[in-house]
There are 4 protein chains.
Amino acid sequence: MCGFIGIIKLNGKDVAEELVTGLLSIQHRGQDSSGIITSDRSRFHIKKNAGLVSNVFSKSDVKSLKGNVGIGHVRYSTIGFDIENDSQPFFVNYPFGIALAHNGNIANYEEIRSSLEKESHRQLTSRCDAELILNVFADEMSRTSGDFSIGKVFDSLGPLMKKLNGSYSAVAIINGHGLLAFRDPNGLRPMIFGKNDSGFIFASETVVLNLLDYTYIRDVKPGEAIFIDNNGKIHSKIIDAREKTPCMFEWVYFARPDSTIEGRSVYDVRLRLGEELAKRWDKDVDVVIPVPDTSRTAAMGFAKAIGAEYREGLIKNRYVGRTFIMPAQKKRDNAVKLKLNPITSEIKGKKIALVDDSIVRGTTSKRLVSLLRKYGAKEIHLVVTCPPIKYPCFYGIDIATRKELIASDKSVEEIRKFLGADSITYQTIEGLKRAIGMNSICTACLTGNYPTNISETDISRFEKIREEERSRVV
Amino acid sequence: MCGFIGIIKLNGKDVAEELVTGLLSIQHRGQDSSGIITSDRSRFHIKKNAGLVSNVFSKSDVKSLKGNVGIGHVRYSTIGFDIENDSQPFFVNYPFGIALAHNGNIANYEEIRSSLEKESHRQLTSRCDAELILNVFADEMSRTSGDFSIGKVFDSLGPLMKKLNGSYSAVAIINGHGLLAFRDPNGLRPMIFGKNDSGFIFASETVVLNLLDYTYIRDVKPGEAIFIDNNGKIHSKIIDAREKTPCMFEWVYFARPDSTIEGRSVYDVRLRLGEELAKRWDKDVDVVIPVPDTSRTAAMGFAKAIGAEYREGLIKNRYVGRTFIMPAQKKRDNAVKLKLNPITSEIKGKKIALVDDSIVRGTTSKRLVSLLRKYGAKEIHLVVTCPPIKYPCFYGIDIATRKELIASDKSVEEIRKFLGADSITYQTIEGLKRAIGMNSICTACLTGNYPTNISETDISRFEKIREEERSRVV
Amino acid sequence: MCGFIGIIKLNGKDVAEELVTGLLSIQHRGQDSSGIITSDRSRFHIKKNAGLVSNVFSKSDVKSLKGNVGIGHVRYSTIGFDIENDSQPFFVNYPFGIALAHNGNIANYEEIRSSLEKESHRQLTSRCDAELILNVFADEMSRTSGDFSIGKVFDSLGPLMKKLNGSYSAVAIINGHGLLAFRDPNGLRPMIFGKNDSGFIFASETVVLNLLDYTYIRDVKPGEAIFIDNNGKIHSKIIDAREKTPCMFEWVYFARPDSTIEGRSVYDVRLRLGEELAKRWDKDVDVVIPVPDTSRTAAMGFAKAIGAEYREGLIKNRYVGRTFIMPAQKKRDNAVKLKLNPITSEIKGKKIALVDDSIVRGTTSKRLVSLLRKYGAKEIHLVVTCPPIKYPCFYGIDIATRKELIASDKSVEEIRKFLGADSITYQTIEGLKRAIGMNSICTACLTGNYPTNISETDISRFEKIREEERSRVV
Amino acid sequence: MCGFIGIIKLNGKDVAEELVTGLLSIQHRGQDSSGIITSDRSRFHIKKNAGLVSNVFSKSDVKSLKGNVGIGHVRYSTIGFDIENDSQPFFVNYPFGIALAHNGNIANYEEIRSSLEKESHRQLTSRCDAELILNVFADEMSRTSGDFSIGKVFDSLGPLMKKLNGSYSAVAIINGHGLLAFRDPNGLRPMIFGKNDSGFIFASETVVLNLLDYTYIRDVKPGEAIFIDNNGKIHSKIIDAREKTPCMFEWVYFARPDSTIEGRSVYDVRLRLGEELAKRWDKDVDVVIPVPDTSRTAAMGFAKAIGAEYREGLIKNRYVGRTFIMPAQKKRDNAVKLKLNPITSEIKGKKIALVDDSIVRGTTSKRLVSLLRKYGAKEIHLVVTCPPIKYPCFYGIDIATRKELIASDKSVEEIRKFLGADSITYQTIEGLKRAIGMNSICTACLTGNYPTNISETDISRFEKIREEERSRVV
């Protein structure tokens, strides 16, 4: 869960201002650290730190980040540990000077790291997989000595894509030569390609292009690499394409509704997610209430389709960060109320369809149901735009171990009981596919069918690592 | 535009934690500075600074803010000047030690200040009117020497209410004696009174009571003073009541929708504001789109009443603070896009009713209309839940000089032309009153009828001061 | 242990720059907090915070501290607790607006505070005695209503000096009227008075006058008050003079050597302190080594008088602050070495006279002696420029409880044994008086004869408070 | 002008605490940035930033800098530009993970950088020459693939020492393998080697060893490399030794007096510098006054030798940092007074020998002489422990372009006139050599004889670069 931008400007102007502005528009993808590296052809300029874009970059930073090529990144830290050291982008001096940022997750991180250490004698200085990808790339690039060539870049990405198991949409500066973008062979994480009169852009979401007045060209293809040289010439090649399986969670929850992914408007998909849920609906409710902000669009589609009132019965507090810790002695219910406060007139005595995008652990939903009961809700019917999440994600979404996933070992009826709802209606996988309008999407967290090669042993090991990491923090 | 809380706990526990948590829920009322003063009966503990609640108060601050009585404040700074010095609460050592915070504005600030200086030989150290009110109060309280008595408090508030022209909902600690709350004779700014087993609370909005598990008792009455002593006994007195004219802008724009003011749910009033607008509606539109976040509820009421689709066609960026300055060379349109980005599928080729809560200067609306045109809107009909704003506010809402108010010298048709909309439908004053369900409200900014004594000379002078202040900042 | 400055400029220029520069030159008197209040006649401008002068005041602070009258303060915090809240100067709104800073200590703080609370209904918000003095003064000033007059000021200081038992050299702004300075009836803490073409200055030390190009007029007299009005007229009056007993520790240790106190150059006094010690000297040493920085001058005087070599055998590390805490597992000796490192060639095989200004607890001296032994010193003879300290100080020097004073219950021979020195030569009280050139000085910490009325009960109570404070911190 | 430490501990304990404590003792070598990299064999842990050691490293940093091998650095920034980006240590991922810090300066920086870019396709991200040295080393190390071996390390240093023209005393971690130290073939900058029961240390000065309880083994030899492996085995080799010419300025000014360089105590050398000056002395003075802190020891030696009184007639202010900018309108004299204030009794009517370590631009000396005249000095005789500085330094001392060096084109008599002194006595080069006790030292800044190959063209180019850099800052 991260966001990136890469820009090359061919009109001689500096790129930093556009990067900072653009990062602001994808800050929802990560709030833990922010970073930018630019190149003025002769050297890199670097600024990265823990914190929001608006806190990390001062006016003087923007000035000193010189150069017409640059990459920027906002990071969501799964662990909240060593945030400064792990913040992207990363760079190496050799060959050529390469800086890289990405969105995704490398499933075989440990093996690759170990092989980098033992076989390639490369040592990583962080736990961030961007540094891993960068070093695999630099390792391949340095196997043949000699001058820079685009062939060398593409030739290096072949073995890289063979080795890396996971998701990665990466942008990279090759100092003095141009801007590179590449996407994993399954196209798991989004990557948008755009241009305007003064240059080219790659970004996690189309909103960046809108904001900065770039025109959308297309999504980068699975397994594709695109290199923009200093003359603005586009070099592209499919390095290693497998079945395209973009992550369905971008549409369901993660991306901004005003973005378009794989040609499908996130907003429109969410409307259809609501409509799909309506198809199997047979309850009678007074009001449809979304859990803000993400579920709003789906709830609207759902309400219209079932002919019920759409209402904003829960008010979200914008000022409660994820780091704010509610004092221990306070009842836990209050933590929910602080973030989501009910509108009495929309709750009291009402039969409510409560639309949420997904249920992961179930603890927040349970508290929310209980809160609505206290406010006098007559019936609470949970409507969930995502099918039950049963398996951990290896591709960059912070979906935890099976132990923590309520749907991993509970039936829908058991979940309903646990949450205290009157009914619970999950999206179906077919409905999800119809809503997105693609048959081939990644549904690994729903079905356990991982598009890349993930064994049961991998899952167990991953879960163990995750648990250890969490325990380290607490 | 500020928010305050006052709490006295009678179970011997410290009050700081509740104050910090409560302030988080009214941070929307002011983001420039945050402050708390508590009293452990023997002395005050103080922490205030520029910044959000989550930045100003560390864990160790909460610990060191000892005492069972406390007041907290979040401040919106009209000017953005001298924020640290002007942050509330304020205190005086004599008599007894009094700390005070308020929401409101004193119209005759200059006269009172001058009289405090010349006649009472009191000197203020800030431009904040809370310090003014505090000193008027302290001045009256110290006219008679001797021990503390509740009679003395009430007797002091009589002359205070005579002198002060304006709005003020104030909470004050009288060190060692108890918690005081008082409200101006017109009840212009809101003030809620609540209790639970462990104590009493006063706050700007009911959401604070909800969150902290206090039961709503009633709104403090215009001109009323309530004093809670150390034994939890309530002493109340109407000091000086005139006609109750609460500020209509709290319902229209300022308060949270999940709050209730004067017994009227803000959410319900906003629904009715939409319904009122629908009554005079004769256009044919495809879709009703609110300008988020405030206009959402009214747009829903409006959409339902006219039988059109309610849609979230504009996406708000949460990460753009009011201090973020868009680089100069960027086209100004982008500043709007950065904050509000359109959903193409809801705009393109559509006849749109765009619901906004109010039009002040008109510059943002103009850019928004232009942006929607670029995204292909067929027709844009502006629907405004507040009647035209023509006069400056003297009571705490940051409504500028007439020169800056687009409706002060332009007809509705001229405004429409300026904004580039196809039509513009304003709320009527009658509709506003019906929606709120009160006949007597403050409509000074709409009609120029100020509930307290404000002459044309006062207005001109106020405008001159405001202009000077603004010029000082730029 | 604090430093203050008060300046009134009559040429219409702002005073802040001089205050900041001046405070830098007396930062040695206190490094815990720094503060300035200025008055532009209409209001106060305030900036104070924990930290060094160079950290607390930004360029923009200096700009916004407007006005031609101002007071500044640097503070040494005995306790290191609540530093922000306790930082000077303090102010009250009434009467006139008074801001005050001082150097000293009020021995009967608790009684005065209690009487302020009970009889005058005044409440303090800190533990800083500057706030106490300010409130006593404001209390007296407000006893008679009516306009400002200098008579009123002087009349108020009479009862103030009667009430306050202790030391205080205070500067105060009376807003709109002028700059006031007053000193306790015994003249315990220093206070210098100066002028130049553009105004007048009061300060803790003459170095401030040197630096800012003010000419020394004289020391303010014990019990004297001087008021400089807006026209630059000097009004002065002896309010309540008793025997003048300035604190001998200023010359011995606390003041800068380039300052002059009561007409006696600190540097010259220190030379004589060394010479006095030489009079009773009968040992044979190879080298005289000072403990830098304070003891340098006395060591030079001593070395010359006994005809031995003066050498800098200990090197002081400038970068180790008093807050730096040596890791626990490290041997404590290293903490001494980090601050004071020996020069082998001056120590090894040498008979050393080690000159220190004073021995309080004795722990540092013990470690230093042990360190020199390790470096091969043949003999170590301690020479102490201050006589044995046996009693706590009530007048502003951080001399702790008798329990912590090594000389309070040990003979010189016992001390020598404890420290591990070959001999120990203390200054005599007569020598001290001769070196300073005054017969009447405060020697309370040496003799227990307190120049103000301090009983054995007071001492015990003070020690108890101090112990409680210390335990609160640890 | 920088300081470094490298430590490897073989008792399984972390090294960070010792590094932080050690850096405190050499903070005088650089106050602009501080940094540490440690290795826990599996990865690097990094913390570096602009600021003093006491500000950069928090307790939690020390905890998270895990590992038994580490290097630390304090940096003096010639330019004060891009301090964060240029702060040491630097690291590369390949091969093995190498982190490096050094003290020195690379004279042919531009050529090497250019060759790294063009021939080796390496790109630097800073202007810091530590990154250059690191990349030259990594480049050589990666020429042969395969596992780590000590032969490889030594083989790589051969070409490195051939290429680099300049001074460098460098410590480096080779991740997982050990700690490396190497020194340029002329041994221009100091490097000390020590050990104790738990490990080995390299540092800029012996004070670090003293403080951390390591025993001095010897100075690292010119052109020598020493590698300590994980078992504590010492591998050393002379890679490329030329004539040893250590920088004389370490003894004259830069090192701490309690350090020993090349077996010569800095303190003792300074005493002798004074004695050497005395040999040619024929004036009659009342008092010898050092410019504190550096000149103290030499002044003592000088005073004793000429039989005059040594006195501390100038008091240094510890609280004025080099970043503090005196307000513009203040007379420049005050800037000197703020830093160095005279003791009247030692100046007035006196014939003074003023001992300073060196005269570079001469502006400070001029102001000081003028200040002493104002305080009534009868005669001022300048005594300078360093011979006239006429040429820029290429080896790490911030000695500027010839244009800025007063002695580059002025005779001693012209300098005397410019400074306004009664006489001026410079050290001779022979005296300097005798005082240090070595015939072969670097006297390039005095004679223009650069021990490495520096042509007139190099000097001119260097001067041009330096001037450009300075103009960029202003």
# chains A, B, ... in the order shown; residues from 1 in each chain; ligands from 1
>>> residues_around(residues="C:Asp86", least_positions_apart="6", cutoff="9 Å", atoms="only C-alpha atoms", output="PyMOL selection string")
chain C and resi 33+77+125-131
>>> residues_around(residues="B:Leu338", least_positions_apart="2", cutoff="7 Å", atoms="only C-alpha atoms", output="number ranges by chain")
A: 25, 211; B: 317, 334-336, 340-341
>>> write_last_selection(atoms="N, CA and C atoms", output="CSV table (one decimal), in the first residue's frame")
chain,number,residue,atom,x,y,z
A,25,SER,N,-1.8,14.3,-3.9
A,25,SER,CA,-3.1,13.7,-4.4
A,25,SER,C,-3.1,12.2,-4.3
A,211,LEU,N,-4.5,16.1,-12.1
A,211,LEU,CA,-4.1,17.3,-11.4
A,211,LEU,C,-3.0,18.0,-12.0
B,317,ASN,N,-9.8,16.1,-1.4
B,317,ASN,CA,-8.5,15.6,-1.0
B,317,ASN,C,-8.3,16.0,0.5
B,334,ASN,N,-5.8,24.5,-11.1
B,334,ASN,CA,-5.3,23.3,-10.4
B,334,ASN,C,-5.4,23.3,-8.9
B,335,ALA,N,-5.4,24.5,-8.3
B,335,ALA,CA,-5.6,24.6,-6.9
B,335,ALA,C,-7.0,24.0,-6.5
B,336,VAL,N,-8.0,24.3,-7.4
B,336,VAL,CA,-9.3,23.7,-7.1
B,336,VAL,C,-9.3,22.2,-7.3
B,340,LEU,N,-10.6,19.5,-4.9
B,340,LEU,CA,-11.9,18.9,-5.4
B,340,LEU,C,-11.7,18.3,-6.8
B,341,ASN,N,-11.7,17.0,-7.0
B,341,ASN,CA,-11.5,16.5,-8.3
B,341,ASN,C,-12.7,15.8,-8.8
>>> residues_around(residues="D:Thr297", least_positions_apart="3", cutoff="8 Å", atoms="only C-alpha atoms", output="list in words")
Glu312 of chain C; Tyr267, Arg270, Leu271, Gly274, Thr294, Met300 and Gly301 of chain D
>>> write_last_selection(atoms="all heavy atoms", output="PDB file, in the first residue's frame")
ATOM      1  N   GLU C 312      47.943  24.239  32.439  1.00  0.00           N
ATOM      2  CA  GLU C 312      46.584  23.769  32.117  1.00  0.00           C
ATOM      3  C   GLU C 312      46.619  22.257  31.956  1.00  0.00           C
ATOM      4  O   GLU C 312      46.616  21.734  30.848  1.00  0.00           O
ATOM      5  CB  GLU C 312      46.116  24.427  30.827  1.00  0.00           C
ATOM      6  CG  GLU C 312      45.980  25.929  30.896  1.00  0.00           C
ATOM      7  CD  GLU C 312      44.553  26.360  31.165  1.00  0.00           C
ATOM      8  OE1 GLU C 312      43.623  25.552  30.973  1.00  0.00           O
ATOM      9  OE2 GLU C 312      44.359  27.525  31.594  1.00  0.00           O
TER      10      GLU C 312
ATOM     11  N   TYR D 267      49.996  19.101  23.537  1.00  0.00           N
ATOM     12  CA  TYR D 267      50.242  20.056  24.610  1.00  0.00           C
ATOM     13  C   TYR D 267      51.720  20.429  24.677  1.00  0.00           C
ATOM     14  O   TYR D 267      52.086  21.613  24.691  1.00  0.00           O
ATOM     15  CB  TYR D 267      49.775  19.436  25.926  1.00  0.00           C
ATOM     16  CG  TYR D 267      49.941  20.315  27.130  1.00  0.00           C
ATOM     17  CD1 TYR D 267      48.921  21.202  27.494  1.00  0.00           C
ATOM     18  CD2 TYR D 267      51.078  20.261  27.915  1.00  0.00           C
ATOM     19  CE1 TYR D 267      49.054  22.009  28.611  1.00  0.00           C
ATOM     20  CE2 TYR D 267      51.218  21.063  29.020  1.00  0.00           C
ATOM     21  CZ  TYR D 267      50.195  21.939  29.375  1.00  0.00           C
ATOM     22  OH  TYR D 267      50.324  22.735  30.476  1.00  0.00           O
ATOM     23  N   ARG D 270      52.850  22.510  21.798  1.00  0.00           N
ATOM     24  CA  ARG D 270      52.421  23.912  21.915  1.00  0.00           C
ATOM     25  C   ARG D 270      53.291  24.696  22.910  1.00  0.00           C
ATOM     26  O   ARG D 270      53.614  25.853  22.677  1.00  0.00           O
ATOM     27  CB  ARG D 270      50.945  23.980  22.291  1.00  0.00           C
ATOM     28  CG  ARG D 270      50.062  23.564  21.131  1.00  0.00           C
ATOM     29  CD  ARG D 270      48.595  23.844  21.295  1.00  0.00           C
ATOM     30  NE  ARG D 270      47.889  23.213  20.157  1.00  0.00           N
ATOM     31  CZ  ARG D 270      46.614  22.878  20.144  1.00  0.00           C
ATOM     32  NH1 ARG D 270      45.854  23.130  21.198  1.00  0.00           N
ATOM     33  NH2 ARG D 270      46.074  22.327  19.066  1.00  0.00           N
ATOM     34  N   LEU D 271      53.643  24.031  24.007  1.00  0.00           N
ATOM     35  CA  LEU D 271      54.566  24.686  24.937  1.00  0.00           C
ATOM     36  C   LEU D 271      55.840  25.091  24.194  1.00  0.00           C
ATOM     37  O   LEU D 271      56.327  26.215  24.310  1.00  0.00           O
ATOM     38  CB  LEU D 271      54.949  23.729  26.084  1.00  0.00           C
ATOM     39  CG  LEU D 271      53.972  23.556  27.246  1.00  0.00           C
ATOM     40  CD1 LEU D 271      54.561  22.567  28.262  1.00  0.00           C
ATOM     41  CD2 LEU D 271      53.668  24.888  27.934  1.00  0.00           C
ATOM     42  N   GLY D 274      55.706  28.028  21.915  1.00  0.00           N
ATOM     43  CA  GLY D 274      55.910  29.269  22.664  1.00  0.00           C
ATOM     44  C   GLY D 274      57.368  29.511  22.956  1.00  0.00           C
ATOM     45  O   GLY D 274      57.883  30.631  22.806  1.00  0.00           O
ATOM     46  N   THR D 294      42.702  27.974  21.990  1.00  0.00           N
ATOM     47  CA  THR D 294      43.813  27.202  21.435  1.00  0.00           C
ATOM     48  C   THR D 294      45.194  27.703  21.834  1.00  0.00           C
ATOM     49  O   THR D 294      46.114  26.917  22.003  1.00  0.00           O
ATOM     50  CB  THR D 294      43.749  27.222  19.893  1.00  0.00           C
ATOM     51  OG1 THR D 294      42.385  27.393  19.511  1.00  0.00           O
ATOM     52  CG2 THR D 294      44.299  25.975  19.308  1.00  0.00           C
ATOM     53  N   MET D 300      51.636  30.096  27.474  1.00  0.00           N
ATOM     54  CA  MET D 300      52.257  29.741  28.742  1.00  0.00           C
ATOM     55  C   MET D 300      53.736  29.447  28.565  1.00  0.00           C
ATOM     56  O   MET D 300      54.573  29.908  29.340  1.00  0.00           O
ATOM     57  CB  MET D 300      51.572  28.505  29.310  1.00  0.00           C
ATOM     58  CG  MET D 300      50.680  28.832  30.488  1.00  0.00           C
ATOM     59  SD  MET D 300      49.883  27.335  31.073  1.00  0.00           S
ATOM     60  CE  MET D 300      48.376  27.441  30.146  1.00  0.00           C
ATOM     61  N   GLY D 301      54.022  28.637  27.523  1.00  0.00           N
ATOM     62  CA  GLY D 301      55.415  28.324  27.233  1.00  0.00           C
ATOM     63  C   GLY D 301      56.199  29.594  26.923  1.00  0.00           C
ATOM     64  O   GLY D 301      57.333  29.791  27.406  1.00  0.00           O
TER      65      GLY D 301
END
>>> interface_residues(of="chain D", to="chain C", cutoff="9 Å", atoms="only C-alpha atoms", output="number ranges by chain")
D: 17, 21-22, 24-28, 52-54, 207, 210-213, 256-259, 265, 267-268, 296-297, 300, 304, 309-315, 317-321, 324, 326-327, 334-335, 337-339, 341-345
>>> residues_around(residues="stretch 176-189 of chain D", least_positions_apart="2", cutoff="6 Å", atoms="only C-alpha atoms", output="count of residues only")
26
>>> atom_distance(atom1="atom CA of C:Thr447", atom2="atom CA of C:Gly166")
17.0 Å
>>> select_by_dssp(residues="stretch 53-166 of chain C", states="strand (DSSP E)", output="number ranges by chain")
C: 69-75, 90-92, 98-106, 166
>>> atom_distance(atom1="atom CA of C:Ser39", atom2="atom CA of C:Val15")
9.2 Å
>>> select_by_dssp(residues="stretch 215-295 of chain C", states="alpha helix (DSSP H)", output="list in words")
Phe249, Val266, Tyr267, Asp268, Val269, Arg270, Leu271, Arg272, Leu273, Gly274, Glu275, Glu276, Leu277, Ala278 and Lys279 of chain C
>>> atom_distance(atom1="atom CA of C:Val288", atom2="atom CA of D:Arg264")
22.8 Å
>>> residues_around(residues="C:Val92", least_positions_apart="3", cutoff="10 Å", atoms="only C-alpha atoms", output="number ranges by chain")
B: 91-94, 122-125; C: 95-100, 131, 134-135, 138
>>> write_last_selection(atoms="N, CA, C and O atoms", output="PDB file, in the first residue's frame")
ATOM      1  N   PHE B  91      -5.416  33.395  31.303  1.00  0.00           N
ATOM      2  CA  PHE B  91      -5.674  33.378  32.752  1.00  0.00           C
ATOM      3  C   PHE B  91      -5.183  34.668  33.389  1.00  0.00           C
ATOM      4  O   PHE B  91      -4.350  35.375  32.823  1.00  0.00           O
ATOM      5  N   VAL B  92      -5.730  34.981  34.564  1.00  0.00           N
ATOM      6  CA  VAL B  92      -5.189  36.041  35.426  1.00  0.00           C
ATOM      7  C   VAL B  92      -4.953  35.453  36.812  1.00  0.00           C
ATOM      8  O   VAL B  92      -5.625  34.505  37.220  1.00  0.00           O
ATOM      9  N   ASN B  93      -3.989  36.023  37.528  1.00  0.00           N
ATOM     10  CA  ASN B  93      -3.697  35.561  38.885  1.00  0.00           C
ATOM     11  C   ASN B  93      -4.730  36.041  39.884  1.00  0.00           C
ATOM     12  O   ASN B  93      -4.975  35.392  40.904  1.00  0.00           O
ATOM     13  N   TYR B  94      -5.336  37.195  39.559  1.00  0.00           N
ATOM     14  CA  TYR B  94      -6.201  37.823  40.539  1.00  0.00           C
ATOM     15  C   TYR B  94      -7.514  38.216  39.923  1.00  0.00           C
ATOM     16  O   TYR B  94      -7.526  38.709  38.797  1.00  0.00           O
ATOM     17  N   ARG B 122      -6.017  48.406  33.036  1.00  0.00           N
ATOM     18  CA  ARG B 122      -5.695  47.019  32.673  1.00  0.00           C
ATOM     19  C   ARG B 122      -5.073  46.988  31.289  1.00  0.00           C
ATOM     20  O   ARG B 122      -5.497  47.708  30.391  1.00  0.00           O
ATOM     21  N   GLN B 123      -4.099  46.140  31.121  1.00  0.00           N
ATOM     22  CA  GLN B 123      -3.381  46.076  29.863  1.00  0.00           C
ATOM     23  C   GLN B 123      -3.474  44.680  29.275  1.00  0.00           C
ATOM     24  O   GLN B 123      -3.214  43.707  29.965  1.00  0.00           O
ATOM     25  N   LEU B 124      -3.881  44.574  28.012  1.00  0.00           N
ATOM     26  CA  LEU B 124      -3.951  43.260  27.381  1.00  0.00           C
ATOM     27  C   LEU B 124      -2.647  42.952  26.669  1.00  0.00           C
ATOM     28  O   LEU B 124      -1.931  43.853  26.239  1.00  0.00           O
ATOM     29  N   THR B 125      -2.362  41.649  26.559  1.00  0.00           N
ATOM     30  CA  THR B 125      -1.079  41.247  25.969  1.00  0.00           C
ATOM     31  C   THR B 125      -1.275  40.554  24.630  1.00  0.00           C
ATOM     32  O   THR B 125      -0.324  40.011  24.080  1.00  0.00           O
TER      33      THR B 125
ATOM     34  N   PRO C  95      -2.415  45.921  37.695  1.00  0.00           N
ATOM     35  CA  PRO C  95      -2.734  47.198  37.062  1.00  0.00           C
ATOM     36  C   PRO C  95      -1.690  47.589  36.011  1.00  0.00           C
ATOM     37  O   PRO C  95      -0.532  47.244  36.165  1.00  0.00           O
ATOM     38  N   PHE C  96      -2.130  48.222  34.992  1.00  0.00           N
ATOM     39  CA  PHE C  96      -1.303  48.832  33.939  1.00  0.00           C
ATOM     40  C   PHE C  96      -0.676  47.841  32.973  1.00  0.00           C
ATOM     41  O   PHE C  96      -0.272  48.202  31.882  1.00  0.00           O
ATOM     42  N   GLY C  97      -0.644  46.567  33.383  1.00  0.00           N
ATOM     43  CA  GLY C  97       0.186  45.624  32.663  1.00  0.00           C
ATOM     44  C   GLY C  97       1.584  45.698  33.245  1.00  0.00           C
ATOM     45  O   GLY C  97       2.277  46.681  33.041  1.00  0.00           O
ATOM     46  N   ILE C  98       1.957  44.679  33.999  1.00  0.00           N
ATOM     47  CA  ILE C  98       3.300  44.645  34.585  1.00  0.00           C
ATOM     48  C   ILE C  98       3.978  43.336  34.188  1.00  0.00           C
ATOM     49  O   ILE C  98       3.369  42.265  34.270  1.00  0.00           O
ATOM     50  N   ALA C  99       5.204  43.443  33.716  1.00  0.00           N
ATOM     51  CA  ALA C  99       5.999  42.247  33.400  1.00  0.00           C
ATOM     52  C   ALA C  99       7.247  42.289  34.264  1.00  0.00           C
ATOM     53  O   ALA C  99       7.806  43.368  34.472  1.00  0.00           O
ATOM     54  N   LEU C 100       7.673  41.137  34.780  1.00  0.00           N
ATOM     55  CA  LEU C 100       8.791  41.132  35.724  1.00  0.00           C
ATOM     56  C   LEU C 100       9.686  39.905  35.549  1.00  0.00           C
ATOM     57  O   LEU C 100       9.212  38.806  35.278  1.00  0.00           O
ATOM     58  N   GLU C 131       7.019  34.997  39.663  1.00  0.00           N
ATOM     59  CA  GLU C 131       5.570  35.190  39.622  1.00  0.00           C
ATOM     60  C   GLU C 131       5.059  35.641  40.994  1.00  0.00           C
ATOM     61  O   GLU C 131       4.124  36.438  41.088  1.00  0.00           O
ATOM     62  N   LEU C 134       6.063  39.335  41.440  1.00  0.00           N
ATOM     63  CA  LEU C 134       5.175  40.105  40.564  1.00  0.00           C
ATOM     64  C   LEU C 134       3.804  40.276  41.197  1.00  0.00           C
ATOM     65  O   LEU C 134       3.219  41.371  41.180  1.00  0.00           O
ATOM     66  N   ASN C 135       3.278  39.220  41.788  1.00  0.00           N
ATOM     67  CA  ASN C 135       1.938  39.300  42.344  1.00  0.00           C
ATOM     68  C   ASN C 135       1.900  40.083  43.655  1.00  0.00           C
ATOM     69  O   ASN C 135       0.922  40.767  43.926  1.00  0.00           O
ATOM     70  N   ALA C 138       1.962  43.586  42.266  1.00  0.00           N
ATOM     71  CA  ALA C 138       0.678  43.948  41.647  1.00  0.00           C
ATOM     72  C   ALA C 138      -0.385  44.126  42.727  1.00  0.00           C
ATOM     73  O   ALA C 138      -1.255  45.007  42.639  1.00  0.00           O
TER      74      ALA C 138
END
